[in-house]
Every structure is written in structure tokens, then in C-alpha cells.
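This is data34.txt. It holds compact mmCIF, C-alpha atoms.
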# COMPACT_ATOMS: atom_id res chain seq x y z
CA MET A 1 18.10 -1.03 6.26
CA ALA A 2 15.07 -0.90 3.97
CA LEU A 3 11.76 0.87 4.69
CA LEU A 4 8.69 -0.06 2.64
CA ASP A 5 5.58 2.09 2.14
CA SER A 6 3.43 3.35 -0.68
CA GLY A 7 4.51 6.95 -0.06
CA CYS A 8 5.29 9.62 2.53
CA GLY A 9 4.18 7.50 5.48
CA LEU A 10 7.68 6.11 5.82
CA LEU A 11 9.22 9.55 6.43
CA PRO A 12 8.66 9.82 10.23
CA THR A 13 10.18 6.41 10.99
CA ALA A 14 13.02 7.00 8.53
CA GLY A 15 13.64 10.37 10.18
CA TRP A 16 13.88 8.81 13.63
CA LEU A 17 16.24 6.11 12.37
CA ARG A 18 18.41 8.77 10.78
CA HIS A 19 18.38 10.82 14.00
CA LEU A 20 19.16 7.90 16.30
CA ARG A 21 21.73 6.14 14.12
CA PRO A 22 22.81 8.24 11.12
CA ASP A 23 25.53 5.78 10.07
CA LEU A 24 22.92 3.21 9.02
CA ALA A 25 22.43 3.34 5.27
CA LEU A 26 18.72 3.69 4.48
CA ASP A 27 16.89 2.44 1.41
CA LEU A 28 13.47 4.07 1.11
CA TYR A 29 11.08 2.06 -1.10
CA LEU A 30 8.10 4.11 -2.26
CA ASP A 31 5.41 2.93 -4.68
CA PRO A 32 4.03 5.91 -6.64
CA ALA A 33 2.32 3.67 -9.18
CA GLY A 34 0.60 1.57 -6.53
CA MET A 35 -0.48 4.13 -3.94
CA PRO A 36 -2.64 4.19 -1.98
CA TRP A 37 -2.25 0.64 -0.70
CA GLY A 38 -5.23 0.99 1.62
CA SER A 39 -7.70 0.83 -1.27
CA LYS A 40 -6.21 -2.35 -2.75
CA ALA A 41 -7.19 -5.99 -2.24
CA SER A 42 -5.28 -7.86 0.46
CA SER A 43 -3.77 -10.26 -2.10
CA TRP A 44 -2.45 -7.32 -4.12
CA ILE A 45 -0.86 -5.75 -1.02
CA VAL A 46 0.80 -9.03 -0.03
CA GLU A 47 2.26 -9.51 -3.50
CA ARG A 48 3.52 -5.93 -3.61
CA VAL A 49 5.09 -5.92 -0.13
CA VAL A 50 6.66 -9.37 -0.35
CA GLY A 51 8.03 -8.64 -3.82
CA THR A 52 9.53 -5.34 -2.66
CA GLY A 53 10.95 -7.00 0.46
CA ARG A 54 12.68 -9.66 -1.60
CA LEU A 55 14.08 -6.97 -3.90
CA ALA A 56 15.39 -5.05 -0.88
CA VAL A 57 17.12 -8.17 0.47
CA ALA A 58 18.65 -8.88 -2.94
CA ARG A 59 20.04 -5.34 -2.88
CA GLY A 60 21.68 -5.90 0.50
CA ALA A 61 19.16 -4.82 3.15
CA ASP A 62 20.04 -6.26 6.57
CA ALA A 63 16.57 -5.49 8.01
CA ILE A 64 13.16 -4.44 6.69
CA VAL A 65 10.91 -1.92 8.41
CA VAL A 66 7.27 -1.63 7.35
CA PRO A 67 6.18 1.88 8.47
CA CYS A 68 2.62 1.45 7.21
CA ASN A 69 -0.33 0.22 9.25
CA THR A 70 -2.14 -1.29 6.26
CA ALA A 71 0.92 -3.20 5.06
CA SER A 72 1.81 -4.32 8.59
CA VAL A 73 -1.62 -5.81 9.20
CA THR A 74 -1.98 -7.33 5.75
CA ALA A 75 1.44 -8.46 4.61
CA VAL A 76 3.96 -8.71 7.47
CA VAL A 77 3.28 -12.40 8.17
CA PRO A 78 4.01 -13.52 4.57
CA LEU A 79 6.92 -11.07 4.36
CA ARG A 80 8.47 -12.61 7.46
CA ALA A 81 7.93 -16.07 6.02
CA ALA A 82 9.83 -14.94 2.91
CA VAL A 83 12.89 -13.27 4.49
CA GLU A 84 13.24 -14.21 8.16
CA PRO A 85 15.21 -15.30 10.11
CA GLU A 86 18.04 -14.05 7.90
CA ARG A 87 16.56 -10.53 7.76
CA PRO A 88 14.44 -9.19 10.65
CA VAL A 89 11.13 -7.56 9.73
CA ILE A 90 9.78 -4.79 11.97
CA ALA A 91 6.07 -3.96 11.74
CA THR A 92 4.18 -0.84 12.78
CA VAL A 93 1.48 -0.92 15.46
CA PRO A 94 -0.41 2.23 16.56
CA ALA A 95 0.58 3.54 20.00
CA VAL A 96 -2.60 2.31 21.70
CA LYS A 97 -0.70 0.64 24.54
CA PRO A 98 0.87 3.85 25.96
CA ALA A 99 -2.38 5.75 25.42
CA GLY A 100 -4.31 3.08 27.30
CA ALA A 101 -1.74 3.09 30.10
CA THR A 102 -2.55 6.74 30.89
CA GLY A 103 -5.97 5.66 32.20
CA ARG A 104 -7.54 8.66 30.46
CA PRO A 105 -9.99 8.69 27.54
CA PHE A 106 -8.33 8.88 24.14
CA ALA A 107 -9.25 8.84 20.45
CA VAL A 108 -7.67 6.80 17.69
CA TRP A 109 -7.47 8.67 14.40
CA ALA A 110 -7.05 6.32 11.46
CA THR A 111 -8.11 5.71 7.88
CA GLU A 112 -11.67 4.57 7.27
CA ARG A 113 -10.49 1.05 6.46
CA THR A 114 -8.39 0.74 9.61
CA THR A 115 -11.10 2.22 11.84
CA VAL A 116 -13.56 -0.58 11.04
CA SER A 117 -10.93 -3.36 10.97
CA ASP A 118 -10.81 -6.37 13.27
CA TYR A 119 -7.16 -5.43 13.78
CA GLN A 120 -8.00 -2.12 15.47
CA ARG A 121 -10.86 -3.63 17.46
CA ASP A 122 -8.51 -6.33 18.80
CA LEU A 123 -5.87 -3.73 19.64
CA LEU A 124 -8.31 -1.62 21.63
CA ALA A 125 -9.77 -4.64 23.39
CA GLN A 126 -6.29 -5.69 24.49
CA PHE A 127 -4.86 -2.35 25.63
CA ALA A 128 -7.77 -0.01 26.43
CA ALA A 129 -10.33 -0.23 29.22
CA PRO A 130 -13.99 -0.52 28.21
CA GLY A 131 -15.19 2.88 27.03
CA GLN A 132 -11.73 4.44 27.21
CA ALA A 133 -11.07 4.65 23.47
CA GLU A 134 -13.00 6.42 20.72
CA PRO A 135 -12.30 5.33 17.12
CA VAL A 136 -12.36 8.32 14.75
CA ALA A 137 -12.22 7.82 11.00
CA CYS A 138 -10.28 10.51 9.11
CA PRO A 139 -11.48 10.39 5.49
CA GLY A 140 -9.10 12.03 3.07
CA LEU A 141 -6.40 12.94 5.59
CA ALA A 142 -3.74 10.43 4.48
CA THR A 143 -4.30 11.35 0.83
CA ALA A 144 -4.09 15.07 1.61
CA VAL A 145 -0.82 14.53 3.51
CA GLU A 146 0.54 12.37 0.69
CA HIS A 147 -0.08 15.16 -1.82
CA ALA A 148 1.09 17.89 0.58
CA ASP A 149 -2.15 19.77 0.02
CA PRO A 150 -2.44 22.18 2.98
CA ASP A 151 -6.06 23.15 2.36
CA ALA A 152 -7.17 19.52 2.10
CA VAL A 153 -5.11 18.66 5.18
CA ARG A 154 -6.79 21.39 7.24
CA ASP A 155 -10.26 20.37 6.03
CA ALA A 156 -9.69 16.70 6.84
CA ILE A 157 -8.24 17.53 10.25
CA ALA A 158 -11.14 19.85 11.04
CA LEU A 159 -13.60 17.05 10.26
CA ALA A 160 -11.69 14.57 12.42
CA ALA A 161 -11.42 17.06 15.28
CA ALA A 162 -15.17 17.69 15.11
CA ARG A 163 -15.73 13.93 15.39
CA THR A 164 -13.44 13.63 18.44
CA PRO A 165 -15.35 13.71 21.75
CA ALA A 166 -14.34 16.54 24.08
CA ARG A 167 -13.59 14.05 26.86
CA CYS A 168 -10.58 12.63 24.97
CA ARG A 169 -7.34 13.80 26.55
CA SER A 170 -5.10 12.44 23.81
CA VAL A 171 -5.15 11.17 20.24
CA VAL A 172 -3.36 8.12 18.88
CA LEU A 173 -2.09 8.76 15.35
CA GLY A 174 -3.17 5.50 13.72
CA CYS A 175 -1.72 6.21 10.28
CA THR A 176 1.97 6.79 9.61
CA HIS A 177 1.18 9.81 7.42
CA TYR A 178 -0.40 11.77 10.27
CA PRO A 179 2.81 12.64 12.22
CA LEU A 180 3.86 14.78 9.26
CA VAL A 181 1.14 17.30 10.15
CA VAL A 182 1.23 17.24 13.95
CA GLU A 183 1.22 21.02 14.22
CA ASP A 184 -2.00 21.27 12.21
CA ILE A 185 -3.55 18.47 14.28
CA LEU A 186 -2.64 20.11 17.59
CA ALA A 187 -3.98 23.45 16.37
CA ALA A 188 -7.38 21.85 15.75
CA LEU A 189 -7.63 20.08 19.12
CA PRO A 190 -8.37 21.53 22.59
CA PRO A 191 -5.31 22.90 24.45
CA GLY A 192 -3.49 20.23 26.41
CA THR A 193 -4.48 17.33 24.16
CA GLY A 194 -1.61 14.86 23.80
CA LEU A 195 -0.56 12.93 20.69
CA HIS A 196 0.71 9.35 20.65
CA ASP A 197 2.75 8.15 17.68
CA SER A 198 4.76 4.95 17.24
CA SER A 199 7.44 6.07 14.75
CA ARG A 200 10.03 6.70 17.50
CA ALA A 201 9.31 3.31 19.05
CA VAL A 202 9.42 1.46 15.72
CA ALA A 203 12.82 3.01 14.96
CA GLY A 204 14.09 1.96 18.38
CA GLN A 205 12.79 -1.57 17.85
CA ALA A 206 14.59 -1.77 14.51
CA LEU A 207 17.88 -0.85 16.16
CA ARG A 208 17.33 -3.46 18.87
CA ARG A 209 16.59 -6.15 16.29
CA LEU A 210 19.89 -5.28 14.61
CA GLY A 211 21.68 -5.25 17.96
CA VAL A 212 23.07 -1.72 17.58
CA PRO A 213 22.81 1.08 20.19
CA GLU A 214 21.64 4.60 19.51
CA ASP A 215 24.44 6.95 18.45
CA PRO A 216 23.20 10.27 17.03
CA SER A 217 26.78 11.52 16.63
CA ALA A 218 27.80 8.82 14.13
CA ALA A 219 28.94 9.85 10.66
CA PRO A 220 26.03 9.84 8.18
CA ALA A 221 25.74 7.05 5.63
CA GLU A 222 23.85 7.26 2.34
CA VAL A 223 20.10 7.48 1.84
CA ARG A 224 18.78 5.91 -1.35
CA VAL A 225 15.27 6.29 -2.72
CA HIS A 226 13.58 3.62 -4.81
CA LEU A 227 10.44 4.51 -6.77
CA GLY A 228 8.72 1.35 -7.90
CA GLY A 229 12.09 -0.42 -7.79
CA ASP A 230 14.10 2.19 -9.70
CA GLU A 231 16.38 4.63 -7.90
CA GLY A 232 15.36 8.27 -8.02
CA PRO A 233 14.77 11.41 -5.93
CA LEU A 234 12.20 11.81 -3.20
CA PRO A 235 8.91 13.07 -4.69
CA ALA A 236 8.19 16.78 -4.46
CA SER A 237 5.39 16.09 -1.96
CA ALA A 238 7.89 14.47 0.43
CA LEU A 239 10.12 17.53 0.19
CA ALA A 240 7.25 19.67 1.46
CA TYR A 241 7.97 18.29 4.96
CA PRO A 242 11.05 19.01 7.11
CA ILE A 243 11.79 15.30 7.49
CA GLY A 244 11.67 14.80 3.73
CA ARG A 245 14.07 17.66 3.10
CA ALA A 246 16.39 16.40 5.84
CA LEU A 247 16.45 12.88 4.39
CA ALA A 248 17.14 14.28 0.92
CA ARG A 249 20.06 16.17 2.42
CA ALA A 250 21.49 12.80 3.56
CA GLY A 251 23.15 14.32 6.63
CA ARG A 252 22.20 14.04 10.28
CA ILE A 253 18.65 14.86 11.31
CA ASP A 254 18.23 17.18 14.27
CA ARG A 255 15.57 16.70 16.90
CA HIS A 256 13.66 19.82 15.83
CA GLU A 257 13.11 18.31 12.37
CA LEU A 258 11.09 15.42 13.85
CA PRO A 259 7.42 15.41 14.93
CA VAL A 260 6.72 16.31 18.55
CA THR A 261 4.43 13.75 20.23
CA ASP A 262 4.11 12.23 23.69
CA GLU A 263 6.49 9.42 22.71
CA SER A 264 9.18 11.72 21.29
CA ALA A 265 11.04 12.85 24.40
CA HIS A 266 11.82 9.59 26.16
CA HIS A 267 13.15 6.13 25.40
CA THR A 268 10.19 3.86 24.82
CA ARG A 269 10.42 0.45 26.47
CA PRO A 270 11.37 -2.39 24.10
CA ASP A 271 7.84 -3.86 24.23
CA THR A 272 6.15 -0.68 23.08
CA ALA A 273 7.16 -0.61 19.41
CA GLU A 274 5.76 -3.98 18.47
CA GLN A 275 3.09 -4.44 21.06
CA PRO A 276 2.20 -8.11 21.75
CA ALA A 277 1.33 -9.77 18.49
CA LEU A 278 -2.08 -9.08 17.01
CA ARG A 279 -3.03 -11.36 14.14
CA GLY A 280 0.64 -12.10 13.56
CA VAL A 281 1.83 -8.50 13.33

Represent the supplied structure as C-alpha cells.
Amino acid sequence: MALLDSGCGLLPTAGWLRHLRPDLALDLYLDPAGMPWGSKASSWIVERVVGTGRLAVARGADAIVVPCNTASVTAVVPLRAAVEPERPVIATVPAVKPAGATGRPFAVWATERTTVSDYQRDLLAQFAAPGQAEPVACPGLATAVEHADPDAVRDAIALAAARTPARCRSVVLGCTHYPLVVEDILAALPPGTGLHDSSRAVAGQALRRLGVPEDPSAAPAEVRVHLGGDEGPLPASALAYPIGRALARAGRIDRHELPVTDESAHHTRPDTAEQPALRGV
């Protein structure tokens, strides 16, 4: 199974896949030369993602997971046109649906580009009641997480927390990088604030698309890392996180090595990972 992202944002979903089904060989495609994808033109992102997806299929991938909100919104439709139905493609959608289902006010933390996108507006209109959701842009947070810069992470989180209305009872992590710093995020929010993340649900959806059940006790298969197409080690920034170190170890991943969010402790329903299609996602 191949996972495509510009950088460390693929780690949480890859970690959940490794925890739930360690005997699935994982190919992690990172793009150090092209990151961050969020600042690139849509045509550039499509070319990059589709080209990497085709390369992954040529190297034997039986499914492709796109654990990146920007790439999912921008390039999943052409990627599916290029490789499906022979190879299923699983997109990432922020966990707005379960947050909306609580009936309580919540915030959506995301990159500046995602926060003002039609994609996020459509998602909130479909799954949140009027006035229930508060979009919160988090400038610099994804970049700080990508570079494993703790001071920059804390500063970016502090800014986002200050922008989050006190009435919000939970926060949707609308960027796949953010689960890597859940402890810092929780420390900056009022006690009792919940976090919603879709990485667990996306991993579960990938297993369902392959038709394989969860089996955390299975013997571990290999984990390969591709940097711009060439095999290599995980970047040092990825190894700053427990999930990165666990994936580099290529053994099983224990539950304590994964982010703790409101979606972590139960089996998400099959419709939660890829919430009803938004703009083809």
C-alpha cells in the first residue's frame, strides 16, 4: 500500500495502518523537493500526485492513500481516473462529520489556504449546523511541524488557540500534520476540549477497500520510504515524532505511539473516513 504526501503529514495515517494491520507492506512517498504542496498551483499538484501515484502502481502498490487535505481536494479525482478501478484510491477528509454530530460548537483548525476554500465551506455546510463551526486559520503550524521546530510549533499553536472562541468544545484537526503535536495542542486549549482527527478512520477505510480485517497481531512486513521517487531513510524531522521512529523501526506500532484524539478509541463507522463526496473527493 502506498501513501502519498509532501512530508510528515502521512505519518499519522501510516502509523494507524501499521498498528491495525502490520503485515501490510507500506511504501511512504514523500516529496522533499516539492514541499509544501499547499503553496503550489493546482495544476502542479495534480501533475505531482498523479505522477507519483502511477509510479507507486508500477512498483506494485495495491492501493493508494492520500493522507493530505490539499492533495485530496486538488488531485484525487484525476488520480482515480488514472489508476482506478484496478487500484483503489483513499482520500482524506477532515473529521467534521463526527464533530458536527456532537451538537456542540467546534473549531476547525486548518492551513490558511484550506480555511478559505470552497471545499471547507461545503464540508461545514453539509455536516455542521448554522453557527456551530468556527474556522480557525493556523499560519505556520504545518511548516513548524514539518521541520520539527518545537518553538515555532508552540508559537503557532498559541496563535491558533487565541483565535479559537471559548465556546468551542472541540477542535477538528484539518491538516494531517497537526495530529503529530496533539499534546501541545491540548496543552494550549481549555481543559476538556476534545480533538477530532480522521487518520484512524482513513486507515480503516483503506483496509475496507482492500477487503482485509484489522489484525494488530500479524507479523510485520517491510516499510519503504521514497524521497522524490528514490528510496531512502525517513527525514530527521520525521524521526522527531514517536510515529516516525516506530515506522523507521519497521516493527509493530503500539497504541501509545499513536495520537490520542476523540476518534482514536473506537471503531469509526465505514462512512466516516470518506464522508459523502465533496467536489469528487

Compile the contact shell of Ala81 of chain A as a PDB file with C-alpha atoms, keeping the file's coordinate frame: residues with an atom at most 12 Å away, counting only C-alpha atoms, same-chain residues fewer than 5 positions apart removed.
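Final output, selection.pdb:
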ATOM      1  CA  VAL A  46       0.800  -9.030  -0.030  1.00  0.00           C
ATOM      2  CA  VAL A  50       6.660  -9.370  -0.350  1.00  0.00           C
ATOM      3  CA  GLY A  53      10.950  -7.000   0.460  1.00  0.00           C
ATOM      4  CA  ARG A  54      12.680  -9.660  -1.600  1.00  0.00           C
ATOM      5  CA  ALA A  75       1.440  -8.460   4.610  1.00  0.00           C
ATOM      6  CA  VAL A  76       3.960  -8.710   7.470  1.00  0.00           C
ATOM      7  CA  GLU A  86      18.040 -14.050   7.900  1.00  0.00           C
ATOM      8  CA  ARG A  87      16.560 -10.530   7.760  1.00  0.00           C
ATOM      9  CA  PRO A  88      14.440  -9.190  10.650  1.00  0.00           C
ATOM     10  CA  VAL A  89      11.130  -7.560   9.730  1.00  0.00           C
ATOM     11  CA  GLY A 280       0.640 -12.100  13.560  1.00  0.00           C
TER      12      GLY A 280
END

- Query: Pick the closest to Val57 of chain A from A:Tyr29, A:Trp16, A:Trp44, A:Trp37: which is it, counting only C-alpha atoms?
  - Reply: A:Tyr29

For Phe106 of chain A, please output as a PDB file with C-alpha atoms, keeping the file's coordinate frame all residues within 6 Å (counting all atoms listed in the file; exclusion window: fewer than 5 positions along the same chain).
ATOM      1  CA  ALA A 133     -11.070   4.650  23.470  1.00  0.00           C
ATOM      2  CA  CYS A 168     -10.580  12.630  24.970  1.00  0.00           C
ATOM      3  CA  ARG A 169      -7.340  13.800  26.550  1.00  0.00           C
ATOM      4  CA  SER A 170      -5.100  12.440  23.810  1.00  0.00           C
ATOM      5  CA  VAL A 171      -5.150  11.170  20.240  1.00  0.00           C
TER       6      VAL A 171
END

- Message: Just the number, please: distance in Å from atom CA of Ile90 of chain A to atom CA of Val65 of chain A, one decimal.
- Response: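 Taking atom CA of Ile90 of chain A as the start and atom CA of Val65 of chain A as the end point, the length is 4.7 Å.
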
- Item | Point-to-point distance in Å for atom CA of Asp254 of chain A and atom CA of Ile157 of chain A | 26.8 Å

- Message: Show me, as a VMD selection string, the residues that have an atom within 9 Å of Ala250 of chain A when counting only C-alpha atoms, minus same-chain residues fewer than 2 positions from it.
- Response: chain A and resid 18 22 220 to 224 245 to 248 252 to 253

- Tell me, in Å to one decimal, how far atom CA of Ser198 of chain A is from atom CA of Val153 of chain A.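 Rounded to one decimal, the two atoms are 20.8 Å apart.
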
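Counting all atoms listed in the file and comparing A:His19, A:Cys8, A:Pro105, A:Ser217, the residue that lies closest to His256 of chain A is A:His19.
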
What does segment 132-218 of chain A look like written to a file with C-alpha atoms, as a compact mmCIF listing (two decimals), in the first residue's frame?
# COMPACT_ATOMS: atom_id res chain seq x y z
CA GLN A 132 -21.89 25.52 15.10
CA ALA A 133 -18.45 25.63 13.47
CA GLU A 134 -15.69 28.23 13.72
CA PRO A 135 -12.97 28.15 11.02
CA VAL A 136 -9.56 28.97 12.51
CA ALA A 137 -6.56 29.52 10.26
CA CYS A 138 -3.26 28.27 11.69
CA PRO A 139 -0.47 30.14 9.85
CA GLY A 140 2.88 28.46 10.11
CA LEU A 141 1.76 25.42 12.10
CA ALA A 142 2.11 22.80 9.35
CA THR A 143 5.53 24.15 8.40
CA ALA A 144 6.67 24.16 12.03
CA VAL A 145 5.51 20.55 12.45
CA GLU A 146 7.20 19.56 9.19
CA HIS A 147 10.52 20.94 10.43
CA ALA A 148 10.02 19.59 13.97
CA ASP A 149 10.67 23.05 15.37
CA PRO A 150 9.21 22.99 18.91
CA ASP A 151 9.40 26.74 19.49
CA ALA A 152 7.67 27.52 16.19
CA VAL A 153 5.09 24.81 16.91
CA ARG A 154 4.24 26.32 20.30
CA ASP A 155 4.03 29.84 18.86
CA ALA A 156 1.73 28.76 16.01
CA ILE A 157 -0.47 26.76 18.38
CA ALA A 158 -0.69 29.66 20.81
CA LEU A 159 -1.88 31.93 18.00
CA ALA A 160 -4.48 29.40 16.86
CA ALA A 161 -5.68 28.82 20.41
CA ALA A 162 -6.07 32.58 20.91
CA ARG A 163 -8.21 32.69 17.75
CA THR A 164 -10.44 29.83 18.94
CA PRO A 165 -13.66 31.05 20.62
CA ALA A 166 -14.09 29.88 24.21
CA ARG A 167 -17.47 28.36 23.37
CA CYS A 168 -15.87 25.65 21.19
CA ARG A 169 -15.95 22.30 22.95
CA SER A 170 -13.75 20.52 20.42
CA VAL A 171 -11.31 21.14 17.59
CA VAL A 172 -11.19 19.36 14.24
CA LEU A 173 -7.60 18.88 13.10
CA GLY A 174 -7.98 19.93 9.47
CA CYS A 175 -4.39 19.27 8.42
CA THR A 176 -2.73 15.85 8.58
CA HIS A 177 0.39 17.35 10.18
CA TYR A 178 -1.47 18.53 13.28
CA PRO A 179 -2.02 15.11 14.96
CA LEU A 180 1.75 14.87 15.41
CA VAL A 181 1.58 17.61 18.06
CA VAL A 182 -1.68 16.77 19.84
CA GLU A 183 -0.13 17.10 23.28
CA ASP A 184 0.99 20.66 22.55
CA ILE A 185 -2.43 21.48 21.11
CA LEU A 186 -4.29 20.11 24.13
CA ALA A 187 -1.97 21.99 26.48
CA ALA A 188 -2.94 25.26 24.80
CA LEU A 189 -6.71 24.68 24.88
CA PRO A 190 -9.15 24.85 27.83
CA PRO A 191 -9.42 21.65 29.90
CA GLY A 192 -11.96 19.22 28.49
CA THR A 193 -11.61 20.33 24.88
CA GLY A 194 -11.83 17.36 22.51
CA LEU A 195 -9.85 16.76 19.32
CA HIS A 196 -11.23 15.17 16.15
CA ASP A 197 -8.81 13.64 13.66
CA SER A 198 -9.50 11.44 10.62
CA SER A 199 -6.26 9.44 10.39
CA ARG A 200 -7.74 6.43 12.24
CA ALA A 201 -10.82 6.49 10.02
CA VAL A 202 -8.82 6.85 6.80
CA ALA A 203 -6.69 3.84 7.76
CA GLY A 204 -9.83 1.83 8.48
CA GLN A 205 -11.32 2.84 5.14
CA ALA A 206 -8.17 1.73 3.35
CA LEU A 207 -8.42 -1.72 4.92
CA ARG A 208 -12.08 -1.97 3.94
CA ARG A 209 -11.31 -1.01 0.35
CA LEU A 210 -8.74 -3.81 0.27
CA GLY A 211 -11.19 -6.22 1.90
CA VAL A 212 -8.90 -7.14 4.81
CA PRO A 213 -9.86 -7.12 8.51
CA GLU A 214 -7.88 -5.49 11.28
CA ASP A 215 -5.26 -7.79 12.81
CA PRO A 216 -2.75 -5.97 15.05
CA SER A 217 -1.04 -9.25 15.92
CA ALA A 218 0.06 -10.03 12.35
